[in-house]
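Trainee: Data: structure14.tsv, TSV, C-alpha atoms and all ligand atoms.
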chain	number	residue	atom	x	y	z
A	2	MET	CA	61.52	-215.63	111.97
A	3	ARG	CA	60.44	-212.45	113.75
A	4	SER	CA	56.86	-212.73	115.01
A	5	ILE	CA	54.57	-209.71	114.86
A	6	LEU	CA	52.53	-209.47	118.05
A	7	LEU	CA	48.85	-208.76	117.40
A	8	ASN	CA	47.89	-209.54	121.00
A	9	PRO	CA	46.94	-206.58	123.22
A	10	GLY	CA	50.36	-206.14	124.81
A	11	PRO	CA	53.19	-206.75	125.12
A	12	VAL	CA	53.75	-205.24	121.69
A	13	SER	CA	56.31	-205.59	118.92
A	14	LEU	CA	59.11	-203.15	119.70
A	15	SER	CA	60.92	-200.70	117.47
A	16	GLU	CA	64.64	-201.34	117.04
A	17	GLY	CA	65.31	-198.12	118.95
A	18	VAL	CA	63.30	-199.23	121.98
A	19	ARG	CA	64.77	-202.72	121.93
A	20	ARG	CA	68.28	-201.27	121.94
A	21	ALA	CA	67.48	-198.65	124.58
A	22	THR	CA	66.34	-201.28	127.10
A	23	THR	CA	69.88	-202.63	127.32
A	24	ARG	CA	71.80	-199.45	126.50
A	25	MET	CA	73.61	-199.41	129.85
A	26	ASP	CA	73.63	-200.92	133.31
A	27	LEU	CA	72.17	-198.39	135.71
A	28	CYS	CA	72.12	-198.21	139.48
A	29	HIS	CA	68.88	-196.69	140.67
A	30	ARG	CA	70.71	-194.60	143.29
A	31	GLU	CA	72.88	-192.79	140.74
A	32	PRO	CA	72.09	-189.44	139.09
A	33	GLU	CA	71.96	-191.09	135.63
A	34	TYR	CA	68.95	-193.16	136.71
A	35	LEU	CA	67.25	-190.30	138.54
A	36	GLU	CA	67.51	-188.14	135.44
A	37	LEU	CA	65.90	-190.92	133.43
A	38	GLN	CA	63.11	-191.16	136.00
A	39	ASP	CA	62.45	-187.40	135.75
A	40	THR	CA	62.44	-187.61	131.95
A	41	VAL	CA	59.89	-190.42	131.92
A	42	ILE	CA	57.60	-188.69	134.42
A	43	LYS	CA	57.71	-185.46	132.42
A	44	GLY	CA	57.21	-187.34	129.15
A	45	LEU	CA	54.07	-189.04	130.50
A	46	VAL	CA	52.54	-185.82	131.79
A	47	ASP	CA	53.31	-184.12	128.46
A	48	ILE	CA	51.62	-186.65	126.14
A	49	TYR	CA	48.21	-185.06	126.73
A	50	GLN	CA	49.71	-181.67	127.62
A	51	CYS	CA	48.61	-181.98	131.24
A	52	ASP	CA	49.49	-179.11	133.57
A	53	SER	CA	52.41	-180.45	135.61
A	54	THR	CA	51.46	-178.31	138.61
A	55	GLN	CA	48.21	-180.33	138.76
A	56	TRP	CA	49.23	-183.75	137.41
A	57	THR	CA	52.09	-186.13	137.98
A	58	ALA	CA	52.97	-189.71	137.09
A	59	VAL	CA	53.96	-192.28	139.69
A	60	LEU	CA	56.13	-195.15	138.42
A	61	LEU	CA	56.46	-198.57	140.01
A	62	GLY	CA	57.42	-202.09	139.06
A	63	GLY	CA	54.55	-204.34	137.97
A	64	SER	CA	52.06	-205.11	135.22
A	65	GLY	CA	48.93	-203.15	134.33
A	66	THR	CA	47.04	-204.89	137.11
A	67	SER	CA	49.58	-203.55	139.62
A	68	ALA	CA	48.80	-200.05	138.36
A	69	MET	CA	45.05	-200.66	138.84
A	70	GLU	CA	45.64	-202.06	142.31
A	71	ALA	CA	48.06	-199.28	143.34
A	72	MET	CA	45.59	-196.65	142.15
A	73	MET	CA	42.76	-198.18	144.15
A	74	VAL	CA	44.59	-198.93	147.40
A	75	SER	CA	46.28	-195.53	147.39
A	76	LEU	CA	43.48	-193.22	146.34
A	77	LEU	CA	40.30	-194.67	147.85
A	78	PRO	CA	39.78	-193.58	151.47
A	79	ASP	CA	38.40	-196.01	154.04
A	80	ASP	CA	34.97	-194.43	153.88
A	81	ALA	CA	34.82	-194.44	150.06
A	82	ARG	CA	31.52	-195.45	148.49
A	83	VAL	CA	32.57	-196.96	145.18
A	84	LEU	CA	30.60	-197.67	142.03
A	85	VAL	CA	32.31	-199.91	139.47
A	86	LEU	CA	31.17	-199.97	135.84
A	87	GLU	CA	31.57	-203.47	134.44
A	88	ASN	CA	31.24	-204.77	130.89
A	89	GLY	CA	34.19	-207.11	130.61
A	90	VAL	CA	37.10	-208.82	132.33
A	91	TYR	CA	38.84	-205.63	133.44
A	92	GLY	CA	35.77	-204.00	134.98
A	93	GLU	CA	35.29	-207.22	136.92
A	94	ARG	CA	38.94	-207.04	137.96
A	95	LEU	CA	38.37	-203.58	139.49
A	96	SER	CA	35.58	-205.08	141.60
A	97	ARG	CA	37.76	-208.03	142.54
A	98	ILE	CA	40.51	-205.72	143.80
A	99	ALA	CA	37.98	-203.75	145.86
A	100	GLN	CA	36.74	-207.02	147.35
A	101	ILE	CA	40.25	-208.20	148.28
A	102	TYR	CA	40.96	-204.97	150.15
A	103	ASP	CA	37.52	-204.85	151.78
A	104	ILE	CA	36.63	-201.65	149.98
A	105	PRO	CA	32.82	-201.59	149.77
A	106	ALA	CA	31.81	-201.41	146.11
A	107	GLN	CA	28.63	-201.70	144.11
A	108	SER	CA	28.66	-202.59	140.40
A	109	LEU	CA	26.67	-201.40	137.45
A	110	LYS	CA	26.97	-204.43	135.19
A	111	ALA	CA	26.42	-204.95	131.49
A	112	ALA	CA	27.08	-208.20	129.64
A	113	TRP	CA	30.64	-208.48	128.25
A	114	GLY	CA	30.78	-206.29	125.17
A	115	ASP	CA	27.50	-204.49	125.84
A	116	GLU	CA	27.20	-200.76	126.39
A	117	ILE	CA	27.26	-199.24	129.85
A	118	ASP	CA	23.80	-197.92	130.63
A	119	LEU	CA	24.35	-194.18	131.10
A	120	ASP	CA	20.75	-193.58	132.20
A	121	ALA	CA	21.17	-196.13	134.97
A	122	LEU	CA	24.50	-194.51	135.88
A	123	THR	CA	22.87	-191.08	136.07
A	124	GLU	CA	20.17	-192.44	138.32
A	125	LEU	CA	22.70	-194.15	140.60
A	126	LEU	CA	24.81	-191.00	140.85
A	127	ALA	CA	21.77	-188.85	141.56
A	128	ASN	CA	20.50	-191.16	144.32
A	129	GLY	CA	23.35	-193.40	145.40
A	130	ASN	CA	25.58	-191.24	147.59
A	131	PHE	CA	28.74	-192.53	145.83
A	132	SER	CA	32.13	-190.93	146.34
A	133	HIS	CA	33.99	-192.65	143.47
A	134	VAL	CA	33.23	-194.17	140.08
A	135	LEU	CA	35.70	-196.69	138.65
A	136	ALA	CA	35.61	-197.65	134.98
A	137	VAL	CA	37.63	-199.16	132.17
A	138	HIS	CA	38.29	-196.93	129.18
A	139	HIS	CA	39.03	-199.50	126.49
A	140	GLU	CA	37.54	-202.84	127.62
A	141	THR	CA	40.08	-205.09	125.95
A	142	THR	CA	37.86	-208.15	126.47
A	143	THR	CA	35.90	-207.20	123.35
A	144	GLY	CA	37.49	-204.00	122.05
A	145	ARG	CA	34.62	-201.82	123.24
A	146	LEU	CA	35.57	-198.21	123.90
A	147	ASN	CA	33.55	-197.02	126.89
A	148	PRO	CA	32.22	-193.42	126.83
A	149	VAL	CA	34.66	-191.81	129.28
A	150	ASP	CA	33.73	-188.26	128.26
A	151	GLU	CA	30.12	-188.82	129.29
A	152	ILE	CA	31.07	-190.76	132.43
A	153	ALA	CA	33.55	-188.07	133.54
A	154	SER	CA	31.07	-185.30	132.86
A	155	LEU	CA	28.33	-187.09	134.85
A	156	CYS	CA	30.81	-187.56	137.70
A	157	SER	CA	31.69	-183.86	137.59
A	158	ARG	CA	28.00	-182.94	137.64
A	159	TYR	CA	27.36	-185.06	140.75
A	160	GLY	CA	30.64	-184.17	142.50
A	161	VAL	CA	31.95	-187.76	142.37
A	162	HIS	CA	35.60	-188.65	141.78
A	163	PHE	CA	36.46	-190.77	138.75
A	164	LEU	CA	39.31	-193.35	138.61
A	165	LEU	CA	40.05	-194.89	135.23
A	166	ASP	CA	41.71	-198.05	133.93
A	167	ALA	CA	43.41	-196.57	130.87
A	168	VAL	CA	45.88	-199.44	130.55
A	169	SER	CA	44.99	-200.23	126.92
A	170	SER	CA	44.09	-196.71	125.77
A	171	PHE	CA	46.60	-194.26	127.25
A	172	GLY	CA	48.71	-192.85	124.42
A	173	ALA	CA	46.20	-193.54	121.64
A	174	GLU	CA	42.67	-192.53	122.69
A	175	SER	CA	41.18	-189.25	123.86
A	176	ILE	CA	41.02	-188.82	127.67
A	177	PRO	CA	38.89	-186.10	129.37
A	178	PHE	CA	41.63	-184.44	131.45
A	179	ALA	CA	39.65	-181.19	131.64
A	180	GLU	CA	36.96	-182.84	133.80
A	181	ASN	CA	37.67	-182.13	137.46
A	182	SER	CA	36.11	-185.45	138.41
A	183	LEU	CA	38.94	-187.36	136.70
A	184	GLN	CA	41.49	-188.00	139.44
A	185	ALA	CA	43.78	-190.76	138.22
A	186	MET	CA	44.34	-193.47	135.66
A	187	ALA	CA	46.21	-196.75	135.54
A	188	VAL	CA	48.71	-197.07	132.70
A	189	THR	CA	51.32	-199.58	131.55
A	190	ALA	CA	54.45	-199.21	129.42
A	191	ASN	CA	53.85	-202.16	127.13
A	192	LYS	CA	50.61	-201.29	125.34
A	193	CYS	CA	49.92	-198.06	123.40
A	194	LEU	CA	53.16	-196.49	124.61
A	195	HIS	CA	55.25	-199.23	122.87
A	196	GLY	CA	57.61	-199.95	125.78
A	197	ILE	CA	58.56	-203.26	127.42
A	198	PRO	CA	56.60	-204.93	130.25
A	199	GLY	CA	57.47	-204.42	133.90
A	200	LEU	CA	56.61	-200.77	134.44
A	201	ALA	CA	53.23	-199.83	135.95
A	202	MET	CA	52.24	-196.19	136.15
A	203	VAL	CA	49.48	-194.11	137.63
A	204	LEU	CA	48.92	-190.68	136.15
A	205	CYS	CA	47.11	-188.70	138.80
A	206	ARG	CA	46.24	-185.31	140.17
A	207	ARG	CA	48.73	-184.22	142.80
A	208	ALA	CA	45.81	-183.44	145.11
A	209	ALA	CA	44.66	-187.08	145.01
A	210	LEU	CA	47.98	-188.14	146.53
A	211	LYS	CA	47.57	-185.78	149.47
A	212	GLN	CA	44.51	-187.27	151.16
A	213	GLY	CA	46.48	-188.78	154.02
A	214	ILE	CA	45.27	-192.30	153.25
A	215	LYS	CA	46.79	-194.91	155.57
A	216	PRO	CA	48.90	-197.41	153.57
A	217	ARG	CA	47.11	-200.66	152.78
A	218	SER	CA	50.24	-201.99	151.10
A	219	LEU	CA	53.92	-201.13	151.37
A	220	SER	CA	54.98	-201.60	147.76
A	221	LEU	CA	51.77	-200.32	146.11
A	222	HIS	CA	51.32	-197.15	148.16
A	223	LEU	CA	51.56	-194.35	145.59
A	224	PRO	CA	52.11	-191.42	147.98
A	225	GLY	CA	55.26	-193.20	149.20
A	226	TRP	CA	56.59	-193.62	145.67
A	227	ALA	CA	55.54	-190.11	144.62
A	228	GLU	CA	57.11	-188.42	147.61
A	229	GLN	CA	60.48	-190.04	146.93
A	230	GLN	CA	60.25	-189.54	143.18
A	231	ALA	CA	59.61	-185.82	143.81
A	232	ARG	CA	62.89	-185.56	145.68
A	233	ARG	CA	64.78	-187.51	143.05
A	234	SER	CA	64.85	-190.81	144.84
A	235	THR	CA	62.97	-194.11	144.74
A	236	PRO	CA	61.85	-196.33	147.63
A	237	PHE	CA	62.48	-199.72	146.00
A	238	THR	CA	64.29	-201.04	142.93
A	239	PRO	CA	62.42	-199.80	139.86
A	240	PRO	CA	62.40	-201.71	136.53
A	241	VAL	CA	65.36	-199.73	135.24
A	242	ASN	CA	65.45	-201.33	131.80
A	243	ALA	CA	61.75	-200.74	131.26
A	244	LEU	CA	62.28	-197.05	132.02
A	245	GLN	CA	65.15	-196.90	129.53
A	246	GLY	CA	62.89	-198.42	126.89
A	247	LEU	CA	59.96	-196.16	127.73
A	248	ALA	CA	62.06	-192.98	127.56
A	249	GLN	CA	62.99	-193.94	123.99
A	250	ALA	CA	59.41	-194.98	123.17
A	251	LEU	CA	58.05	-191.63	124.39
A	252	GLN	CA	60.56	-189.79	122.20
A	253	GLU	CA	59.43	-191.85	119.23
A	254	LEU	CA	55.76	-191.17	120.02
A	255	ASP	CA	56.49	-187.45	120.10
A	256	LYS	CA	58.44	-187.56	116.83
A	257	GLN	CA	55.64	-189.49	115.16
A	258	GLY	CA	53.18	-186.71	116.03
A	259	GLY	CA	51.83	-187.73	119.44
A	260	TRP	CA	48.73	-189.61	120.55
A	261	LYS	CA	46.40	-188.33	117.83
A	262	GLN	CA	48.74	-189.52	115.12
A	263	ARG	CA	49.01	-192.86	116.89
A	264	ARG	CA	45.23	-193.13	116.97
A	265	SER	CA	45.06	-192.43	113.22
A	266	ARG	CA	47.73	-195.04	112.54
A	267	TYR	CA	46.01	-197.70	114.68
A	268	ARG	CA	42.66	-196.92	113.05
A	269	LYS	CA	44.12	-197.28	109.59
A	270	LEU	CA	45.66	-200.65	110.44
A	271	ALA	CA	42.50	-201.90	112.18
A	272	THR	CA	40.38	-200.86	109.20
A	273	GLY	CA	42.72	-202.71	106.85
A	274	VAL	CA	42.43	-205.93	108.87
A	275	ALA	CA	38.64	-205.55	109.10
A	276	MET	CA	38.32	-205.14	105.33
A	277	THR	CA	40.31	-208.29	104.66
A	278	CYS	CA	38.28	-210.19	107.26
A	279	GLU	CA	35.03	-208.97	105.76
A	280	GLU	CA	36.05	-210.18	102.30
A	281	LEU	CA	36.78	-213.56	103.87
A	282	GLY	CA	33.33	-213.65	105.47
A	283	VAL	CA	34.65	-213.08	109.01
A	284	ARG	CA	32.29	-210.79	110.92
A	285	GLN	CA	33.27	-208.15	113.47
A	286	TRP	CA	31.98	-208.69	116.99
A	287	LEU	CA	31.21	-204.99	117.53
A	288	PRO	CA	30.47	-202.24	115.02
A	289	ALA	CA	33.69	-200.39	114.11
A	290	GLU	CA	32.44	-197.09	115.60
A	291	GLN	CA	32.01	-198.75	119.03
A	292	SER	CA	35.48	-200.31	118.98
A	293	SER	CA	38.70	-198.72	120.17
A	294	CYS	CA	41.43	-197.88	117.67
A	295	VAL	CA	43.57	-200.45	119.48
A	296	LEU	CA	41.79	-203.77	119.06
A	297	ARG	CA	38.87	-205.42	117.32
A	298	SER	CA	37.11	-208.70	118.00
A	299	TYR	CA	35.91	-211.04	115.30
A	300	HIS	CA	33.66	-214.08	115.18
A	301	LEU	CA	35.70	-217.20	114.51
A	302	PRO	CA	35.53	-218.21	110.84
A	303	THR	CA	32.87	-220.85	110.23
A	304	GLY	CA	34.20	-224.36	110.65
A	305	MET	CA	37.49	-223.24	112.19
A	306	THR	CA	38.59	-223.45	115.82
A	307	TYR	CA	40.62	-220.73	117.48
A	308	ASN	CA	43.63	-223.02	117.71
A	309	GLU	CA	43.56	-223.78	113.98
A	310	LEU	CA	43.40	-220.07	113.21
A	311	HIS	CA	46.07	-219.16	115.76
A	312	ASP	CA	48.49	-221.88	114.70
A	313	GLY	CA	47.98	-221.16	111.01
A	314	LEU	CA	48.73	-217.46	111.46
A	315	LYS	CA	51.65	-218.20	113.76
A	316	GLN	CA	53.27	-220.21	110.95
A	317	HIS	CA	53.15	-217.00	108.92
A	318	GLY	CA	54.72	-215.03	111.77
A	319	PHE	CA	51.66	-213.44	113.40
A	320	ILE	CA	50.44	-213.90	116.98
A	321	ILE	CA	46.71	-213.28	117.49
A	322	TYR	CA	44.75	-213.48	120.75
A	323	ALA	CA	41.88	-215.66	121.97
A	324	GLY	CA	38.65	-214.54	123.57
A	325	GLN	CA	38.45	-214.67	127.39
A	326	GLY	CA	36.09	-216.81	129.47
A	327	ASP	CA	32.93	-217.86	127.66
A	328	LEU	CA	33.98	-215.86	124.62
A	329	ALA	CA	36.99	-218.15	124.03
A	330	SER	CA	34.99	-220.49	121.81
A	331	GLN	CA	33.33	-217.65	119.90
A	332	LEU	CA	35.77	-214.91	119.04
A	333	PHE	CA	39.35	-213.96	118.33
A	334	ARG	CA	41.05	-210.61	118.74
A	335	ILE	CA	43.50	-208.65	116.66
A	336	SER	CA	45.30	-205.68	118.15
A	337	THR	CA	47.24	-203.29	115.95
A	338	MET	CA	49.34	-201.67	118.67
A	339	GLY	CA	53.11	-201.70	118.48
A	340	GLU	CA	55.71	-201.32	115.77
A	341	ILE	CA	53.85	-202.67	112.74
A	342	SER	CA	54.86	-201.53	109.26
A	343	ASP	CA	52.78	-201.30	106.09
A	344	TYR	CA	54.81	-204.23	104.81
A	345	ASP	CA	53.85	-206.29	107.90
A	346	MET	CA	50.21	-205.44	107.22
A	347	ALA	CA	50.44	-206.54	103.61
A	348	ARG	CA	51.92	-209.85	104.78
A	349	LEU	CA	49.17	-210.21	107.38
A	350	GLU	CA	46.56	-209.77	104.66
A	351	GLN	CA	48.18	-212.58	102.67
A	352	ALA	CA	48.39	-214.76	105.76
A	353	LEU	CA	44.70	-214.25	106.60
A	354	ARG	CA	43.76	-215.15	103.03
A	355	ALA	CA	45.97	-218.24	103.09
A	356	VAL	CA	44.72	-219.51	106.47
A	357	ILE	CA	41.03	-218.55	106.36
A	358	GLY	CA	40.36	-218.43	102.64
A	359	SER	CA	41.67	-221.88	101.78
B	1	LIG	C1	46.13	-205.37	129.70
B	1	LIG	C2	45.12	-204.71	130.56
B	1	LIG	C3	45.27	-204.63	131.95
B	1	LIG	C4	46.42	-205.20	132.74
B	1	LIG	O1	46.88	-206.42	132.39
B	1	LIG	P1	48.27	-206.99	132.95
B	1	LIG	O2	48.26	-208.36	132.41
B	1	LIG	O3	48.23	-206.91	134.42
B	1	LIG	O4	49.35	-206.10	132.38
B	1	LIG	C5	44.34	-203.92	132.65
B	1	LIG	N1	43.29	-203.34	132.06
B	1	LIG	C6	43.12	-203.38	130.73
B	1	LIG	C7	41.96	-202.67	130.13
B	1	LIG	C8	44.02	-204.08	129.93
B	1	LIG	O5	43.85	-204.14	128.60
Take the structure in the file and give it back as structure tokens.
Mentor:
Amino acid sequence: MRSILLNPGPVSLSEGVRRATTRMDLCHREPEYLELQDTVIKGLVDIYQCDSTQWTAVLLGGSGTSAMEAMMVSLLPDDARVLVLENGVYGERLSRIAQIYDIPAQSLKAAWGDEIDLDALTELLANGNFSHVLAVHHETTTGRLNPVDEIASLCSRYGVHFLLDAVSSFGAESIPFAENSLQAMAVTANKCLHGIPGLAMVLCRRAALKQGIKPRSLSLHLPGWAEQQARRSTPFTPPVNALQGLAQALQELDKQGGWKQRRSRYRKLATGVAMTCEELGVRQWLPAEQSSCVLRSYHLPTGMTYNELHDGLKQHGFIIYAGQGDLASQLFRISTMGEISDYDMARLEQALRAVIGS
């Protein structure tokens, strides 16, 4: 039986994307591949109608974490003074990467799932002498959507650069591209873009790549990748099949009406799941208006462990996701990214009733 993935990536694929990933064997030194690479870069820049004289996308092999790491090691100068906004696993991961590369960073922390304190951020930016703010857009730990418009506008006001982890939001949530502070974001193919895993991407301002930063890594140094991609080449073997899948997925996104349509679709599906859960007495972890369109967290049903819930739903063909860290014993998560039909949703409703309601 086909399983529907309700975990936050990798996602259930469309037939078109699944076929495209193995459409043909491609050598990455041949014009057929280089054309594909150009198409994907252009497709990424076009999703939010970014000006391609200002913005580009750099593609490299890896997971979403590779994109975060490449963005940080490539775009933060040695004398950067970094402020990381943390309210979940991925904010903490940004700090961890800074620590590994000896990039001095201070954190503004909130408990997992809590709001980022914008007054405290304002005060830090006014007095802290920071050069860069790093934040997570959709904190997938709990489903909280962080206020990137406000953060970017504060950064612009104080002349601070803003680097964003948009791994679980790019392609489905609004992103403040008009703010000059926003320099770059980490993206992956296998979340809201509906591609396969293996392709990490950083969408960034061309100017950010031209700071003359000394490489801290050979394979994660974005200016190296970007320079070769600009002259229709590639330094190392790219995940060719993931690019084939993503080119198809980007076409499908466009045909379906683009990122706003995708957001509406995700919201509709998430609302449907939430209504069924509510009827079954399962409470949402965060209010709907604070959650992303991509994922919501729920308290575990009374008297049921995560494993019982997971295994029960798996028998019906649905894969849900556990909480991370201390939240593992308290919540479960349902993401509605990926190729999920109305029929799949109707079956999910039945499955939830059968497993929780009995
Ligand atoms: C999924 C995710 C990542 C990256 O995870 P990988 O397992 O490395 O692909 C990074 N940030 C956020 C917000 C995510 O949801």
Trainee: Hey, can you pull every residue with an atom no more than 12 Å from (25.5, -200.6, 131.0), using all atoms listed in the file, and send it as a short mmCIF file (atom, residue, chain, number, x, y, z; two decimals) with C-alpha atoms, in the frame of the given file?
Mentor:
data_model
loop_
_atom_site.label_atom_id
_atom_site.label_comp_id
_atom_site.auth_asym_id
_atom_site.auth_seq_id
_atom_site.Cartn_x
_atom_site.Cartn_y
_atom_site.Cartn_z
CA VAL A 85 32.31 -199.91 139.47
CA LEU A 86 31.17 -199.97 135.84
CA GLU A 87 31.57 -203.47 134.44
CA ASN A 88 31.24 -204.77 130.89
CA GLY A 89 34.19 -207.11 130.61
CA GLY A 92 35.77 -204.00 134.98
CA SER A 108 28.66 -202.59 140.40
CA LEU A 109 26.67 -201.40 137.45
CA LYS A 110 26.97 -204.43 135.19
CA ALA A 111 26.42 -204.95 131.49
CA ALA A 112 27.08 -208.20 129.64
CA TRP A 113 30.64 -208.48 128.25
CA GLY A 114 30.78 -206.29 125.17
CA ASP A 115 27.50 -204.49 125.84
CA GLU A 116 27.20 -200.76 126.39
CA ILE A 117 27.26 -199.24 129.85
CA ASP A 118 23.80 -197.92 130.63
CA LEU A 119 24.35 -194.18 131.10
CA ASP A 120 20.75 -193.58 132.20
CA ALA A 121 21.17 -196.13 134.97
CA LEU A 122 24.50 -194.51 135.88
CA THR A 123 22.87 -191.08 136.07
CA LEU A 125 22.70 -194.15 140.60
CA ALA A 136 35.61 -197.65 134.98
CA ASN A 147 33.55 -197.02 126.89
CA PRO A 148 32.22 -193.42 126.83
CA ILE A 152 31.07 -190.76 132.43
#
Trainee: Rounded to one decimal, what separation in Å do you get between atom CA of A:Leu204 and atom CA of A:Ala81?
Mentor: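 The value is 20.2 Å.
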Trainee: Would you give me, as a Markdown table, each residue of stretch 253-289 of chain A having an atom within 12 Å of an atom of stretch 3-13 of chain A, along with its shortest atom pair and that distance in Å to one decimal, using all atoms listed in the file and sorting by chain and residue number?
Mentor:
| residue | atom | partner | partner_atom | distance |
| --- | --- | --- | --- | --- |
| A:Tyr267 | CA | A:Leu7 | CA | 11.7 |
| A:Leu270 | CA | A:Leu7 | CA | 11.2 |
| A:Ala271 | CA | A:Leu7 | CA | 10.7 |
| A:Val274 | CA | A:Leu7 | CA | 11.0 |
Trainee: Taking all atoms listed in the file into account, which of A:Phe178, A:Tyr159, A:Phe171, A:Phe131 comes nearest ligand LIG 1 (chain B)?
Mentor: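 That would be A:Phe171, the residue with the smallest distance to ligand LIG 1 (chain B).
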Trainee: With the cut-off set at 6 Å and counting only C-alpha atoms and all ligand atoms, tabulate each residue of chain A with an atom at most that distance from an atom of ligand LIG 1 (chain B), showing the nearest atom pair and its distance in Å to one decimal, ordered by chain and increasing number, as CSV.
Mentor:
residue,atom,partner,partner_atom,distance
A:Ser64,CA,B:LIG1,O4,4.0
A:Gly65,CA,B:LIG1,O4,3.6
A:Thr66,CA,B:LIG1,O3,3.6
A:Tyr91,CA,B:LIG1,N1,5.2
A:Val137,CA,B:LIG1,C7,5.9
A:His139,CA,B:LIG1,C7,5.6
A:Glu140,CA,B:LIG1,C7,5.1
A:Thr141,CA,B:LIG1,O5,4.7
A:Asp166,CA,B:LIG1,N1,5.8
A:Val168,CA,B:LIG1,C6,4.8
A:Ser169,CA,B:LIG1,O5,4.4
Trainee: Need the shell around A:Glu350: protein/DNA/RNA residues with any atom at most 9 Å away, counting all atoms listed in the file. Skip same-chain ones fewer than 6 positions apart. Format as a ChimeraX atom specification?
Mentor: /A:273-274,277-278
Trainee: If you count only C-alpha atoms, which residues fall within 10 Å of A:Asp26, apart from same-chain ones fewer than 4 positions away, as a PDB file with C-alpha atoms, in the coordinates of the input?
Mentor:
ATOM      1  CA  THR A  22      66.340-201.280 127.100  1.00  0.00           C
ATOM      2  CA  TYR A  34      68.950-193.160 136.710  1.00  0.00           C
ATOM      3  CA  VAL A 241      65.360-199.730 135.240  1.00  0.00           C
ATOM      4  CA  ASN A 242      65.450-201.330 131.800  1.00  0.00           C
TER       5      ASN A 242
END
Trainee: Near A:Gly44, counting all atoms listed in the file, which residues have an atom at most 9 Å away, once you skip same-chain residues fewer than 3 positions from it, shown as a list of chain:residue names?
Mentor: A:Asp39, A:Thr40, A:Val41, A:Asp47, A:Ile48, A:Ala248, A:Leu251, A:Gln252
Trainee: Deliver the residues from the most recent selection as a file, using C-alpha atoms, as a PDB file, keeping the file's coordinate frame.
Mentor:
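So the final result, stored in selection_9.pdb, reads:
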ATOM      1  CA  ASP A  39      62.450-187.400 135.750  1.00  0.00           C
ATOM      2  CA  THR A  40      62.440-187.610 131.950  1.00  0.00           C
ATOM      3  CA  VAL A  41      59.890-190.420 131.920  1.00  0.00           C
ATOM      4  CA  ASP A  47      53.310-184.120 128.460  1.00  0.00           C
ATOM      5  CA  ILE A  48      51.620-186.650 126.140  1.00  0.00           C
ATOM      6  CA  ALA A 248      62.060-192.980 127.560  1.00  0.00           C
ATOM      7  CA  LEU A 251      58.050-191.630 124.390  1.00  0.00           C
ATOM      8  CA  GLN A 252      60.560-189.790 122.200  1.00  0.00           C
TER       9      GLN A 252
END
Trainee: What is the distance, in Å and to one decimal place, between atom CA of A:Cys193 and atom CA of A:Ser175?
Mentor: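 Atom CA of A:Ser175 lies 12.4 Å from atom CA of A:Cys193.
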Trainee: Fewer than 2 positions away in the same chain doesn't count, so skip those; otherwise give me all residues within 10 Å of A:Ser67, counting all atoms listed in the file, as a list in words.
Mentor: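 Close residues of A:Ser67: Leu61, Gly62, Gly63, Ser64, Gly65, Met69, Glu70, Ala71, Met72, Met73, Ala187, Val188, Thr189, Gly199, Leu200, Ala201, Met202, Val203, Ser220 and Leu221 of chain A.
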Trainee: Could you write out that same residue set with C-alpha atoms as an mmCIF file, keeping the file's coordinate frame?
Mentor:
data_model
loop_
_atom_site.group_PDB
_atom_site.id
_atom_site.type_symbol
_atom_site.label_atom_id
_atom_site.label_comp_id
_atom_site.auth_asym_id
_atom_site.auth_seq_id
_atom_site.Cartn_x
_atom_site.Cartn_y
_atom_site.Cartn_z
ATOM 1 C CA LEU A 61 56.460 -198.570 140.010
ATOM 2 C CA GLY A 62 57.420 -202.090 139.060
ATOM 3 C CA GLY A 63 54.550 -204.340 137.970
ATOM 4 C CA SER A 64 52.060 -205.110 135.220
ATOM 5 C CA GLY A 65 48.930 -203.150 134.330
ATOM 6 C CA MET A 69 45.050 -200.660 138.840
ATOM 7 C CA GLU A 70 45.640 -202.060 142.310
ATOM 8 C CA ALA A 71 48.060 -199.280 143.340
ATOM 9 C CA MET A 72 45.590 -196.650 142.150
ATOM 10 C CA MET A 73 42.760 -198.180 144.150
ATOM 11 C CA ALA A 187 46.210 -196.750 135.540
ATOM 12 C CA VAL A 188 48.710 -197.070 132.700
ATOM 13 C CA THR A 189 51.320 -199.580 131.550
ATOM 14 C CA GLY A 199 57.470 -204.420 133.900
ATOM 15 C CA LEU A 200 56.610 -200.770 134.440
ATOM 16 C CA ALA A 201 53.230 -199.830 135.950
ATOM 17 C CA MET A 202 52.240 -196.190 136.150
ATOM 18 C CA VAL A 203 49.480 -194.110 137.630
ATOM 19 C CA SER A 220 54.980 -201.600 147.760
ATOM 20 C CA LEU A 221 51.770 -200.320 146.110
#
Trainee: Which residue gives the smallest distance to A:Gln249 among A:Arg263, A:Met186, A:Thr272, A:Ile197, with only C-alpha atoms counted?
Mentor: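 Using only C-alpha atoms, A:Gln249 sits closest to A:Ile197.
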Trainee: Could you work out how far atom CA of A:Trp260 lies from atom CA of A:Glu174, giving the answer in Å with one decimal?
Mentor: 7.1 Å
Trainee: Excluding same-chain residues fewer than 2 positions from A:Pro216, what lies within 12 Å of it counting all atoms listed in the file, as a list in words?
Mentor: Ala71, Met72, Met73, Val74, Ser75, Leu76, Leu77, Pro78, Asp79, Tyr102, Leu210, Gln212, Gly213, Ile214, Ser218, Leu219, Ser220, Leu221, His222, Leu223, Pro224, Gly225 and Trp226 of chain A
Trainee: May I ask which of the residues A:Cys28, A:Ile101, A:Leu84, A:Ala68 is the closest one to A:Arg217, counting only C-alpha atoms?
Mentor: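 Nearest candidate to A:Arg217 out of A:Cys28, A:Ile101, A:Leu84, A:Ala68: A:Ile101.
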Trainee: Counting all atoms listed in the file, which of A:Gln100, A:Gln325, A:Ser53, A:Thr303 gets nearest to A:Arg207?
Mentor: A:Ser53
